[in-house]
$ cat input_19.tsv   # TSV, C-alpha atoms and all ligand atoms
chain	number	residue	atom	x	y	z
F	3	MET	CA	-76.07	-137.94	72.95
F	4	ASP	CA	-77.11	-141.25	74.53
F	5	ARG	CA	-77.07	-141.87	78.28
F	6	ARG	CA	-73.98	-144.10	78.20
F	7	ARG	CA	-72.01	-141.44	76.35
F	8	LEU	CA	-73.22	-138.79	78.78
F	9	TYR	CA	-72.05	-140.90	81.70
F	10	THR	CA	-68.61	-141.32	80.11
F	11	VAL	CA	-68.27	-137.56	79.60
F	12	LEU	CA	-69.17	-136.89	83.25
F	13	ASP	CA	-67.04	-139.74	84.65
F	14	PRO	CA	-64.12	-138.15	86.58
F	15	ASP	CA	-61.83	-141.10	85.76
F	16	SER	CA	-62.61	-141.27	82.04
F	17	SER	CA	-59.76	-140.59	79.61
F	18	ASP	CA	-62.21	-139.81	76.78
F	19	ARG	CA	-61.42	-136.53	74.95
F	20	ALA	CA	-64.85	-135.01	75.62
F	21	ALA	CA	-64.58	-136.03	79.30
F	22	ARG	CA	-61.20	-134.32	79.59
F	23	LEU	CA	-62.57	-131.19	77.93
F	24	PHE	CA	-65.55	-131.20	80.29
F	25	ARG	CA	-63.19	-131.43	83.27
F	26	VAL	CA	-61.16	-128.44	82.07
F	27	VAL	CA	-64.32	-126.33	81.57
F	28	HIS	CA	-65.67	-127.47	84.94
F	29	HIS	CA	-62.51	-126.62	86.88
F	30	VAL	CA	-62.13	-123.24	85.18
F	31	LEU	CA	-65.76	-122.35	85.96
F	32	VAL	CA	-65.37	-123.33	89.63
F	33	ALA	CA	-62.34	-121.05	89.90
F	34	LEU	CA	-64.07	-118.19	88.03
F	35	GLY	CA	-67.26	-118.50	90.09
F	36	ILE	CA	-65.36	-118.34	93.37
F	37	ALA	CA	-63.20	-115.47	92.11
F	38	ALA	CA	-66.34	-113.51	91.12
F	39	MET	CA	-67.84	-114.06	94.57
F	40	LEU	CA	-64.65	-112.95	96.35
F	41	ALA	CA	-64.26	-109.88	94.15
F	42	ASP	CA	-67.91	-108.92	94.63
F	43	SER	CA	-67.38	-108.82	98.41
F	44	VAL	CA	-64.62	-106.17	98.08
F	45	PRO	CA	-66.43	-102.79	98.18
F	46	PHE	CA	-64.24	-100.85	95.74
F	47	ILE	CA	-64.24	-103.66	93.13
F	48	ALA	CA	-67.99	-104.22	93.53
F	49	ALA	CA	-68.62	-100.49	93.10
F	50	ASP	CA	-67.13	-100.56	89.57
F	51	HIS	CA	-67.91	-104.08	88.34
F	52	ASP	CA	-70.90	-105.37	90.28
F	53	PRO	CA	-73.17	-106.16	87.25
F	54	VAL	CA	-70.41	-108.06	85.38
F	55	LEU	CA	-69.37	-110.00	88.50
F	56	ARG	CA	-72.95	-110.97	89.32
F	57	ALA	CA	-73.65	-112.01	85.71
F	58	GLY	CA	-70.51	-114.20	85.69
F	59	TYR	CA	-71.41	-115.63	89.10
F	60	TYR	CA	-74.92	-116.62	88.05
F	61	LEU	CA	-73.72	-118.01	84.73
F	62	VAL	CA	-71.41	-120.36	86.64
F	63	GLY	CA	-74.29	-121.16	89.02
F	64	ALA	CA	-76.51	-122.05	86.04
F	65	PHE	CA	-73.78	-124.36	84.69
F	66	PHE	CA	-73.79	-126.31	87.97
F	67	VAL	CA	-77.59	-126.63	87.92
F	68	VAL	CA	-77.37	-128.09	84.40
F	69	GLU	CA	-74.52	-130.38	85.52
F	70	TYR	CA	-76.64	-131.62	88.44
F	71	LEU	CA	-79.51	-132.47	86.09
F	72	LEU	CA	-77.19	-134.22	83.62
F	73	ARG	CA	-75.64	-136.31	86.39
F	74	LEU	CA	-79.13	-137.23	87.56
F	75	ILE	CA	-80.04	-138.33	84.01
F	76	ALA	CA	-76.82	-140.36	83.64
F	77	ALA	CA	-77.05	-142.00	87.11
F	78	PRO	CA	-78.56	-145.33	85.84
F	79	GLU	CA	-75.28	-145.93	83.95
F	80	MET	CA	-73.28	-146.08	87.19
F	81	PRO	CA	-71.66	-149.48	87.79
F	82	GLY	CA	-73.89	-151.73	89.91
F	83	GLN	CA	-77.13	-149.90	88.97
F	84	GLU	CA	-78.10	-152.17	86.06
F	85	HIS	CA	-80.80	-154.12	87.87
F	86	GLY	CA	-82.63	-151.60	90.08
F	87	GLY	CA	-84.31	-149.48	87.38
F	88	PRO	CA	-83.51	-145.87	86.40
F	89	LEU	CA	-85.65	-144.20	89.07
F	90	ARG	CA	-84.01	-146.12	91.89
F	91	ALA	CA	-80.53	-145.42	90.47
F	92	ARG	CA	-81.28	-141.69	90.32
F	93	LEU	CA	-82.61	-141.65	93.86
F	94	ARG	CA	-79.52	-143.49	95.06
F	95	TRP	CA	-77.25	-141.01	93.36
F	96	ALA	CA	-79.27	-138.04	94.67
F	97	ILE	CA	-78.83	-139.16	98.29
F	98	SER	CA	-75.17	-140.18	97.85
F	99	LEU	CA	-72.42	-137.85	99.09
F	100	GLY	CA	-71.59	-136.84	95.50
F	101	GLY	CA	-75.25	-136.11	94.72
F	102	MET	CA	-75.70	-134.05	97.90
F	103	LEU	CA	-72.58	-132.02	97.19
F	104	ASP	CA	-73.74	-131.35	93.63
F	105	LEU	CA	-77.13	-130.25	94.94
F	106	LEU	CA	-75.40	-127.96	97.43
F	107	CYS	CA	-73.42	-126.46	94.55
F	108	ALA	CA	-76.64	-125.86	92.57
F	109	LEU	CA	-78.05	-123.84	95.49
F	110	PRO	CA	-76.55	-120.41	94.66
F	111	ALA	CA	-78.37	-120.37	91.29
F	112	ILE	CA	-81.57	-121.82	92.78
F	113	GLY	CA	-81.34	-119.19	95.57
F	114	ALA	CA	-80.99	-116.45	92.95
F	115	LEU	CA	-84.12	-117.70	91.16
F	116	ALA	CA	-85.95	-117.67	94.51
F	117	ARG	CA	-84.65	-114.10	95.03
F	118	VAL	CA	-82.72	-114.94	98.21
F	119	PRO	CA	-80.78	-111.70	98.89
F	120	TRP	CA	-77.47	-113.36	99.90
F	121	ALA	CA	-77.48	-115.99	97.12
F	122	HIS	CA	-74.46	-114.24	95.54
F	123	LEU	CA	-72.38	-114.86	98.68
F	124	VAL	CA	-72.59	-118.64	98.99
F	125	GLY	CA	-70.42	-119.49	95.98
F	126	PHE	CA	-67.76	-120.81	98.39
F	127	VAL	CA	-69.69	-124.12	98.31
F	128	TRP	CA	-68.35	-124.61	94.76
F	129	ALA	CA	-64.96	-125.43	96.28
F	130	PHE	CA	-66.57	-128.80	97.14
F	131	LYS	CA	-66.82	-129.45	93.40
F	132	TYR	CA	-63.13	-130.34	93.40
F	133	VAL	CA	-63.67	-133.15	95.93
F	134	ARG	CA	-64.85	-135.56	93.22
F	135	TYR	CA	-61.69	-135.00	91.22
F	136	SER	CA	-59.19	-135.40	94.08
F	137	PRO	CA	-58.02	-138.97	94.78
F	138	GLY	CA	-56.21	-137.60	97.86
F	139	LEU	CA	-59.46	-136.40	99.40
F	140	ALA	CA	-61.11	-139.73	98.57
F	141	SER	CA	-58.27	-141.43	100.45
F	142	LEU	CA	-58.72	-139.05	103.37
F	143	ASN	CA	-62.39	-139.97	103.47
F	144	ARG	CA	-61.45	-143.68	103.63
F	145	VAL	CA	-58.74	-143.04	106.24
F	146	VAL	CA	-61.19	-141.16	108.49
F	147	ARG	CA	-63.82	-143.87	108.03
F	148	ASN	CA	-61.36	-146.64	108.89
F	149	ALA	CA	-59.92	-144.81	111.89
F	150	ARG	CA	-63.24	-143.45	113.14
F	151	GLN	CA	-63.23	-145.54	116.33
F	152	ALA	CA	-59.80	-144.28	117.38
F	153	LEU	CA	-60.61	-140.69	116.35
F	154	LEU	CA	-63.90	-140.76	118.27
F	155	SER	CA	-62.14	-142.08	121.38
F	156	VAL	CA	-59.70	-139.18	121.26
F	157	LEU	CA	-62.61	-136.77	120.68
F	158	LEU	CA	-64.38	-138.20	123.71
F	159	GLY	CA	-61.18	-137.79	125.76
F	160	PHE	CA	-60.99	-134.19	124.51
F	161	ALA	CA	-64.59	-133.54	125.64
F	162	ILE	CA	-63.96	-135.10	129.08
F	163	VAL	CA	-60.80	-133.03	129.65
F	164	LEU	CA	-62.64	-129.92	128.42
F	165	LEU	CA	-65.52	-130.36	130.83
F	166	THR	CA	-63.23	-131.24	133.72
F	167	ALA	CA	-60.99	-128.23	133.03
F	168	ALA	CA	-63.96	-125.85	132.78
F	169	SER	CA	-65.49	-127.18	136.02
F	170	ILE	CA	-62.22	-126.97	137.99
F	171	ALA	CA	-61.49	-123.50	136.56
F	172	TYR	CA	-64.96	-122.39	137.67
F	173	LEU	CA	-64.28	-123.71	141.21
F	174	LEU	CA	-60.88	-121.98	141.39
F	175	GLU	CA	-61.59	-118.71	139.60
F	176	ARG	CA	-65.23	-117.82	140.11
F	177	HIS	CA	-64.53	-115.35	142.95
F	178	ALA	CA	-61.33	-113.82	141.53
F	179	ASN	CA	-62.63	-113.55	137.99
F	180	PRO	CA	-66.46	-113.58	138.01
F	181	ASP	CA	-66.84	-112.08	134.49
F	182	ALA	CA	-64.98	-114.85	132.67
F	183	PHE	CA	-65.53	-117.74	135.08
F	184	GLY	CA	-68.97	-116.85	136.48
F	185	SER	CA	-70.47	-120.14	135.25
F	186	ILE	CA	-69.23	-123.46	133.90
F	187	PRO	CA	-70.52	-122.71	130.36
F	188	ALA	CA	-68.61	-119.40	130.49
F	189	ALA	CA	-65.47	-121.22	131.70
F	190	LEU	CA	-65.84	-123.63	128.76
F	191	TRP	CA	-64.80	-120.83	126.38
F	192	TRP	CA	-61.53	-120.43	128.33
F	193	ALA	CA	-61.05	-124.23	128.35
F	194	ILE	CA	-61.52	-124.48	124.54
F	195	VAL	CA	-59.21	-121.54	123.81
F	196	THR	CA	-56.57	-122.98	126.16
F	197	MET	CA	-56.86	-126.60	125.07
F	198	THR	CA	-56.55	-125.76	121.39
F	199	THR	CA	-53.57	-123.57	122.44
F	200	THR	CA	-55.22	-120.66	120.59
F	201	GLY	CA	-54.71	-118.33	123.55
F	202	TYR	CA	-56.58	-115.16	122.54
F	203	GLY	CA	-55.65	-113.78	125.93
F	204	ASP	CA	-59.16	-112.40	126.43
F	205	VAL	CA	-59.73	-114.67	129.45
F	206	VAL	CA	-56.81	-115.27	131.83
F	207	PRO	CA	-56.88	-117.12	135.19
F	208	GLN	CA	-55.97	-114.88	138.13
F	209	THR	CA	-55.22	-117.41	140.90
F	210	VAL	CA	-52.01	-119.48	141.06
F	211	ALA	CA	-54.03	-122.72	141.09
F	212	GLY	CA	-55.96	-121.49	138.03
F	213	ARG	CA	-52.70	-120.82	136.13
F	214	ILE	CA	-51.30	-124.24	137.04
F	215	LEU	CA	-54.53	-125.77	135.75
F	216	GLY	CA	-54.11	-123.71	132.56
F	217	GLY	CA	-50.65	-125.25	132.03
F	218	PHE	CA	-52.03	-128.78	132.34
F	219	VAL	CA	-54.90	-128.00	129.98
F	220	MET	CA	-52.49	-126.65	127.34
F	221	ILE	CA	-50.34	-129.78	127.54
F	222	GLY	CA	-53.50	-131.90	127.37
F	223	GLY	CA	-54.50	-130.03	124.20
F	224	ILE	CA	-51.13	-130.62	122.53
F	225	LEU	CA	-51.29	-134.33	123.41
F	226	THR	CA	-54.79	-134.64	121.99
F	227	PHE	CA	-53.81	-133.09	118.66
F	228	ALA	CA	-50.64	-135.18	118.54
F	229	LEU	CA	-52.78	-138.28	118.97
F	230	TRP	CA	-55.14	-137.20	116.20
F	231	ALA	CA	-52.23	-136.47	113.87
F	232	GLY	CA	-50.64	-139.84	114.70
F	233	ILE	CA	-53.86	-141.75	114.04
F	234	LEU	CA	-54.42	-139.98	110.72
F	235	ALA	CA	-50.79	-140.38	109.62
F	236	SER	CA	-50.70	-144.11	110.33
F	237	GLY	CA	-54.13	-144.43	108.64
F	238	TYR	CA	-52.71	-142.73	105.54
F	239	ALA	CA	-49.65	-144.98	105.51
F	240	GLU	CA	-51.93	-148.01	105.82
F	241	GLU	CA	-54.12	-146.75	102.97
F	242	LEU	CA	-51.10	-146.24	100.69
F	243	ARG	CA	-49.82	-149.75	101.50
F	244	ARG	CA	-53.26	-151.15	100.73
F	245	ARG	CA	-53.42	-149.36	97.36
F	246	GLU	CA	-49.93	-150.54	96.42
F	247	PHE	CA	-50.88	-154.07	97.45
F	248	LEU	CA	-54.06	-153.96	95.34
F	249	ARG	CA	-52.13	-152.79	92.29
F	250	THR	CA	-49.53	-155.52	92.80
F	251	TRP	CA	-52.27	-158.09	93.35
F	252	GLU	CA	-53.90	-157.10	90.05
F	253	LEU	CA	-50.55	-157.56	88.32
F	254	VAL	CA	-49.82	-160.84	90.11
F	255	ALA	CA	-53.14	-162.20	88.79
F	256	LYS	CA	-51.69	-161.83	85.28
F	257	VAL	CA	-48.77	-164.23	85.94
F	258	PRO	CA	-50.04	-167.78	85.20
F	259	PHE	CA	-47.07	-169.34	87.00
F	260	LEU	CA	-48.20	-167.70	90.25
F	261	HIS	CA	-51.67	-169.25	89.83
F	262	ASN	CA	-50.16	-172.65	90.63
F	263	ILE	CA	-48.88	-171.68	94.05
F	264	GLY	CA	-52.10	-171.38	96.03
F	265	ALA	CA	-54.06	-168.35	97.28
F	266	SER	CA	-52.30	-167.82	100.63
F	267	LEU	CA	-48.86	-168.00	99.01
F	268	ILE	CA	-49.99	-165.58	96.26
F	269	ALA	CA	-50.98	-163.09	98.96
F	270	GLU	CA	-47.57	-163.48	100.60
F	271	VAL	CA	-45.74	-163.11	97.29
F	272	ALA	CA	-47.90	-160.11	96.30
F	273	SER	CA	-46.88	-158.26	99.45
F	274	LEU	CA	-43.19	-158.73	98.52
F	275	LEU	CA	-43.35	-157.82	94.83
F	276	ARG	CA	-42.72	-154.27	93.60
F	277	PRO	CA	-44.04	-153.01	90.23
F	278	ARG	CA	-41.35	-151.53	87.95
F	279	ASP	CA	-41.60	-150.02	84.48
F	280	PHE	CA	-38.80	-150.14	81.90
F	281	PRO	CA	-38.85	-148.22	78.57
F	282	ALA	CA	-38.05	-150.05	75.31
F	283	GLY	CA	-34.31	-150.60	74.96
F	284	ALA	CA	-33.52	-150.36	78.70
F	285	VAL	CA	-30.97	-152.87	79.99
F	286	ILE	CA	-32.64	-154.66	82.90
F	287	MET	CA	-29.61	-156.76	83.89
F	288	ARG	CA	-26.15	-157.44	82.49
F	289	ARG	CA	-24.32	-160.72	82.07
F	290	GLY	CA	-21.67	-161.14	84.80
F	291	GLN	CA	-23.36	-158.86	87.34
F	292	ALA	CA	-24.26	-160.18	90.79
F	293	GLY	CA	-27.96	-161.07	91.10
F	294	ASP	CA	-30.00	-158.86	93.43
F	295	CYS	CA	-33.57	-159.61	92.32
F	296	MET	CA	-35.69	-161.59	89.87
F	297	TYR	CA	-38.51	-160.32	87.66
F	298	PHE	CA	-41.95	-161.45	86.53
F	299	ILE	CA	-43.15	-159.97	83.22
F	300	ILE	CA	-46.62	-158.44	83.34
F	301	ASP	CA	-46.66	-156.50	80.08
F	302	GLY	CA	-44.25	-156.08	77.19
F	303	GLU	CA	-41.35	-158.25	76.13
F	304	ALA	CA	-37.81	-158.89	77.39
F	305	GLU	CA	-34.93	-160.12	75.26
F	306	VAL	CA	-32.47	-162.53	76.89
F	307	GLN	CA	-29.13	-162.07	75.11
F	308	LEU	CA	-27.22	-165.33	75.41
F	309	PRO	CA	-23.79	-165.68	73.76
F	310	SER	CA	-25.21	-168.01	71.14
F	311	GLN	CA	-28.74	-166.74	70.63
F	312	ARG	CA	-31.56	-164.35	71.64
F	313	VAL	CA	-34.58	-165.60	73.59
F	314	TYR	CA	-37.73	-163.52	73.91
F	315	LEU	CA	-39.83	-163.72	77.07
F	316	GLY	CA	-43.37	-162.33	77.28
F	317	PRO	CA	-46.15	-161.69	79.83
F	318	GLY	CA	-46.41	-164.37	82.52
F	319	GLN	CA	-42.75	-165.46	82.21
F	320	PHE	CA	-39.91	-164.62	84.58
F	321	PHE	CA	-36.14	-164.22	84.53
F	322	GLY	CA	-33.20	-163.44	86.79
F	323	GLU	CA	-33.86	-166.38	89.12
F	324	VAL	CA	-30.70	-168.38	88.29
F	325	ALA	CA	-28.25	-165.98	89.96
F	326	LEU	CA	-30.46	-165.89	93.06
F	327	LEU	CA	-30.69	-169.66	93.30
F	328	THR	CA	-27.07	-170.50	92.50
F	329	GLY	CA	-25.24	-167.42	93.76
F	330	ALA	CA	-23.42	-167.30	90.38
F	331	PRO	CA	-23.25	-164.07	88.33
F	332	ARG	CA	-26.00	-163.33	85.78
F	333	ASN	CA	-25.64	-165.76	82.87
F	334	ALA	CA	-27.19	-163.43	80.26
F	335	THR	CA	-27.93	-159.77	79.55
F	336	VAL	CA	-31.66	-158.98	79.55
F	337	VAL	CA	-32.99	-155.95	77.66
F	338	ALA	CA	-36.56	-154.61	77.40
F	339	SER	CA	-37.29	-155.20	73.70
F	340	GLN	CA	-40.63	-153.42	74.24
F	341	ALA	CA	-41.72	-151.13	77.08
F	342	CYS	CA	-42.18	-153.52	80.02
F	343	THR	CA	-44.08	-153.63	83.27
F	344	LEU	CA	-42.35	-156.06	85.61
F	345	LEU	CA	-42.74	-157.21	89.19
F	346	SER	CA	-39.43	-157.47	91.00
F	347	LEU	CA	-38.71	-159.79	93.89
F	348	ASP	CA	-35.74	-158.74	96.01
F	349	ILE	CA	-33.03	-161.35	96.77
F	350	ALA	CA	-33.58	-161.20	100.56
F	351	ASP	CA	-37.34	-161.67	100.17
F	352	PHE	CA	-36.71	-164.40	97.58
F	353	HIS	CA	-34.59	-166.45	99.98
F	354	GLN	CA	-36.94	-165.89	102.91
F	355	LEU	CA	-39.86	-166.98	100.76
F	356	LEU	CA	-38.06	-170.08	99.54
F	357	GLY	CA	-37.04	-170.86	103.12
F	358	ARG	CA	-40.70	-170.87	104.15
F	359	HIS	CA	-41.98	-172.52	100.95
F	360	PRO	CA	-39.34	-174.88	99.50
F	361	GLU	CA	-41.87	-176.14	96.94
F	362	LEU	CA	-41.58	-172.75	95.23
F	363	ALA	CA	-37.99	-173.53	94.18
F	364	ARG	CA	-39.21	-176.68	92.46
F	365	ILE	CA	-42.04	-174.79	90.73
F	366	ILE	CA	-39.60	-172.13	89.49
F	367	HIS	CA	-37.19	-174.82	88.32
F	368	ALA	CA	-39.93	-176.72	86.44
F	369	GLU	CA	-41.23	-173.51	84.86
F	370	ALA	CA	-37.73	-172.45	83.77
F	371	GLN	CA	-37.21	-175.82	82.07
F	372	GLN	CA	-40.09	-175.06	79.70
F	373	ARG	CA	-38.43	-171.92	78.34
F	374	PRO	CA	-37.85	-171.42	74.65
F	375	GLY	CA	-34.31	-171.56	73.28
F	376	ASP	CA	-31.31	-173.49	74.60
F	377	VAL	CA	-31.68	-175.79	77.53
F	378	ALA	CA	-32.27	-173.15	80.13
F	379	PRO	CA	-29.24	-172.85	82.37
F	380	THR	CA	-31.30	-172.58	85.53
F	381	LEU	CA	-30.26	-174.47	88.60
F	382	SER	CA	-28.81	-177.82	89.34
F	383	GLU	CA	-30.36	-180.38	91.68
F	384	PRO	CA	-27.71	-179.68	94.41
F	385	ALA	CA	-28.67	-175.98	94.26
F	386	LEU	CA	-32.29	-176.96	94.77
F	387	ALA	CA	-31.31	-179.06	97.74
F	388	ILE	CA	-29.26	-176.21	99.23
F	389	ASP	CA	-32.17	-173.91	98.82
F	390	GLU	CA	-34.63	-176.22	100.45
F	391	SER	CA	-32.38	-176.53	103.45
F	392	ALA	CA	-32.25	-172.68	103.76
F	401	LIG	P1	-29.81	-164.91	85.78
F	401	LIG	O1	-28.61	-165.70	85.45
F	401	LIG	O2	-30.02	-164.51	87.18
F	401	LIG	O3	-29.83	-163.58	84.85
F	401	LIG	C1	-30.04	-163.73	83.47
F	401	LIG	C2	-31.34	-164.47	83.26
F	401	LIG	O4	-31.68	-164.77	81.94
F	401	LIG	C3	-31.23	-165.84	83.90
F	401	LIG	O5	-31.12	-165.69	85.30
F	401	LIG	C4	-32.45	-166.50	83.39
F	401	LIG	O6	-33.57	-166.14	84.14
F	401	LIG	C5	-32.56	-165.89	82.02
F	401	LIG	N1	-32.11	-166.89	81.00
F	401	LIG	C6	-30.90	-167.41	80.84
F	401	LIG	N2	-30.91	-168.31	79.84
F	401	LIG	C7	-32.15	-168.35	79.35
F	401	LIG	C8	-32.78	-169.10	78.31
F	401	LIG	N3	-32.12	-169.96	77.54
F	401	LIG	N4	-34.08	-168.90	78.13
F	401	LIG	C9	-34.75	-167.99	78.87
F	401	LIG	N5	-34.20	-167.29	79.85
F	401	LIG	C10	-32.92	-167.46	80.12
$ encode --input "input_19.tsv" --output "structure tokens" --more "lines below"
Ligand code: CMP
Amino acid sequence: MDRRRLYTVLDPDSSDRAARLFRVVHHVLVALGIAAMLADSVPFIAADHDPVLRAGYYLVGAFFVVEYLLRLIAAPEMPGQEHGGPLRARLRWAISLGGMLDLLCALPAIGALARVPWAHLVGFVWAFKYVRYSPGLASLNRVVRNARQALLSVLLGFAIVLLTAASIAYLLERHANPDAFGSIPAALWWAIVTMTTTGYGDVVPQTVAGRILGGFVMIGGILTFALWAGILASGYAEELRRREFLRTWELVAKVPFLHNIGASLIAEVASLLRPRDFPAGAVIMRRGQAGDCMYFIIDGEAEVQLPSQRVYLGPGQFFGEVALLTGAPRNATVVASQACTLLSLDIADFHQLLGRHPELARIIHAEAQQRPGDVAPTLSEPALAIDESA
């Protein structure tokens, strides 16, 4: 097997048959390895099956050592590594997060070879093997990286409140409760347990002032975690918006008509368009209905069913604009003659956009005039004028 092929098989996003098979084997082995480790830590199971469990565990460990070596061999095929030479590419991969995690996952087997006595108990690290295959975790990584400033500020606030709480608790409680509050480091344990609202109950303030302080610290803890959750949630929402925008942008780039409208306007249009898929035969709009959106065709083909003839529209063309511009009902039924990927532009966004960029109405009009079939019943000059005044 050549290096390129090896890289394809190991690529987590590849849809190649061998790559899919590799992923199935990989995921099953991760689960089996972890299950063997868990079972081996239960005394009555280990008593009966220890040799089988250990053999299975080390077999899985050996698989991950081989996988590490194969990924190292295939590293020069990674995108962007064409010019640096194979050695450099391998080094880069080895010190990347993915490379480090794979090395970590090879450790149980390496530990067994080195006769480390607890090597059979560190199989939990294999859970990290799933990270590479989870787009959600990759997003989380990006969210945390993007929001790191805000998260660090909250962490700093947490540390300040913790230290302040421990110091004040020491001042208030050190005589009444010398065992738990005999020093500030000792009081820190109480502050952490209280601030995280864990409340083991092993350390309790005795004085009234100490209990009031405890109440404030608990509320402070809840606020801190609420802030963290809020930052992460808004980071996630932002990340999802960004991904949706990127997908739309990719699709927008396929519509030649949109190339004529300038980069800043494309960005504005891309943020308003929504991708939609229609199976072959689906009715996209019916003649006589009120217009609520227009569509740009990205992939596939749409059939415009006019009373006198059929017109076929393909990638890069659009339809459904007449009803939006004139306010009249749809003048034709449009059906997906093949499975279609379309971008839809909502009527409210359409009018807002045309209000800000009247030249767009003229571009749409000119484009519609070039359609195949009958003289396209698009919009009249007065309609254009009305629109420009919107
Ligand atoms: P609308 O009237 O909103 O809904 C039906 C759509 O079919 C119409 O907008 C046009 O976009 C499109 N359409 C109508 N006539 C033709 C034609 N002759 N050629 C191509 N498309 C058309």
$ axis_aligned_box --input "input_19.tsv" --around "ligand LIG 401 (chain F)" --padding-each-side "5 Å" --output "AutoDock Vina command-line options"
--center_x -31.7 --center_y -166.8 --center_z 82.4 --size_x 16.1 --size_y 16.4 --size_z 19.6
$ residues_near_ligand --input "input_19.tsv" --ligand "ligand LIG 401 (chain F)" --cutoff "9 Å" --atoms "only C-alpha atoms and all ligand atoms" --output "NGL selection string"
:F and (287-297 or 305-308 or 311-315 or 320-336 or 370-380)
$ closest_residue --input "input_19.tsv" --among "F:Ser98, F:Thr226, F:Ser136, F:Thr199" --to "Gly159 in chain F" --atoms "all atoms listed in the file"
F:Thr226
$ residues_around --input "input_19.tsv" --residues "Arg94 in chain F" --least-positions-apart "5" --cutoff "12 Å" --atoms "all atoms listed in the file" --output "number ranges by chain"
F: 73-74, 77-78, 80, 82-83, 86-89, 99-102
$ atom_distance --input "input_19.tsv" --atom1 "CA of Ala37 in chain F" --atom2 "CA of Phe126 in chain F"
9.4 Å
$ atom_distance --input "input_19.tsv" --atom1 "CA of Ala167 in chain F" --atom2 "CA of Gly212 in chain F"
9.8 Å
$ closest_residue --input "input_19.tsv" --among "F:Asp181, F:Leu8, F:Met220, F:Gly264" --to "Asp204 in chain F" --atoms "all atoms listed in the file"
F:Asp181
$ closest_residue --input "input_19.tsv" --among "F:Gly138, F:Ala341, F:Ser169, F:Ala41" --to "Ile186 in chain F" --atoms "all atoms listed in the file"
F:Ser169
$ atom_distance --input "input_19.tsv" --atom1 "CA of Ala111 in chain F" --atom2 "CA of Glu79 in chain F"
26.8 Å
$ closest_residue --input "input_19.tsv" --among "F:Ile75, F:Ser273, F:Leu267, F:Leu23" --to "Asp4 in chain F" --atoms "only C-alpha atoms"
F:Ile75
$ residues_around --input "input_19.tsv" --residues "range 26-29 of chain F" --least-positions-apart "2" --cutoff "12 Å" --atoms "only C-alpha atoms" --output "number ranges by chain"
F: 11-12, 14, 19-24, 31-36, 62-63, 65-66, 68-69, 128-136
$ residues_near_point --input "input_19.tsv" --point "(-50.7, -161.2, 99.0)" --cutoff "9 Å" --atoms "all atoms listed in the file" --output "ChimeraX atom specification"
/F:247-248,250-251,254,265-274
$ closest_residue --input "input_19.tsv" --among "F:Ala76, F:Ile300, F:Leu225, F:Thr200" --to "Glu252 in chain F" --atoms "all atoms listed in the file"
F:Ile300
$ residues_around --input "input_19.tsv" --residues "Trp230 in chain F" --least-positions-apart "6" --cutoff "9 Å" --atoms "all atoms listed in the file" --output "VMD selection string"
chain F and resid 152 to 153 156 to 157
$ residues_around --input "input_19.tsv" --residues "Ala284 in chain F" --least-positions-apart "4" --cutoff "9 Å" --atoms "only C-alpha atoms" --output "VMD selection string"
chain F and resid 280 336 to 341
$ write_last_selection --input "input_19.tsv" --atoms "C-alpha atoms" --output "mmCIF file, in the frame of the given file"
data_model
loop_
_atom_site.group_PDB
_atom_site.id
_atom_site.type_symbol
_atom_site.label_atom_id
_atom_site.label_comp_id
_atom_site.auth_asym_id
_atom_site.auth_seq_id
_atom_site.Cartn_x
_atom_site.Cartn_y
_atom_site.Cartn_z
ATOM 1 C CA PHE F 280 -38.800 -150.140 81.900
ATOM 2 C CA VAL F 336 -31.660 -158.980 79.550
ATOM 3 C CA VAL F 337 -32.990 -155.950 77.660
ATOM 4 C CA ALA F 338 -36.560 -154.610 77.400
ATOM 5 C CA SER F 339 -37.290 -155.200 73.700
ATOM 6 C CA GLN F 340 -40.630 -153.420 74.240
ATOM 7 C CA ALA F 341 -41.720 -151.130 77.080
#
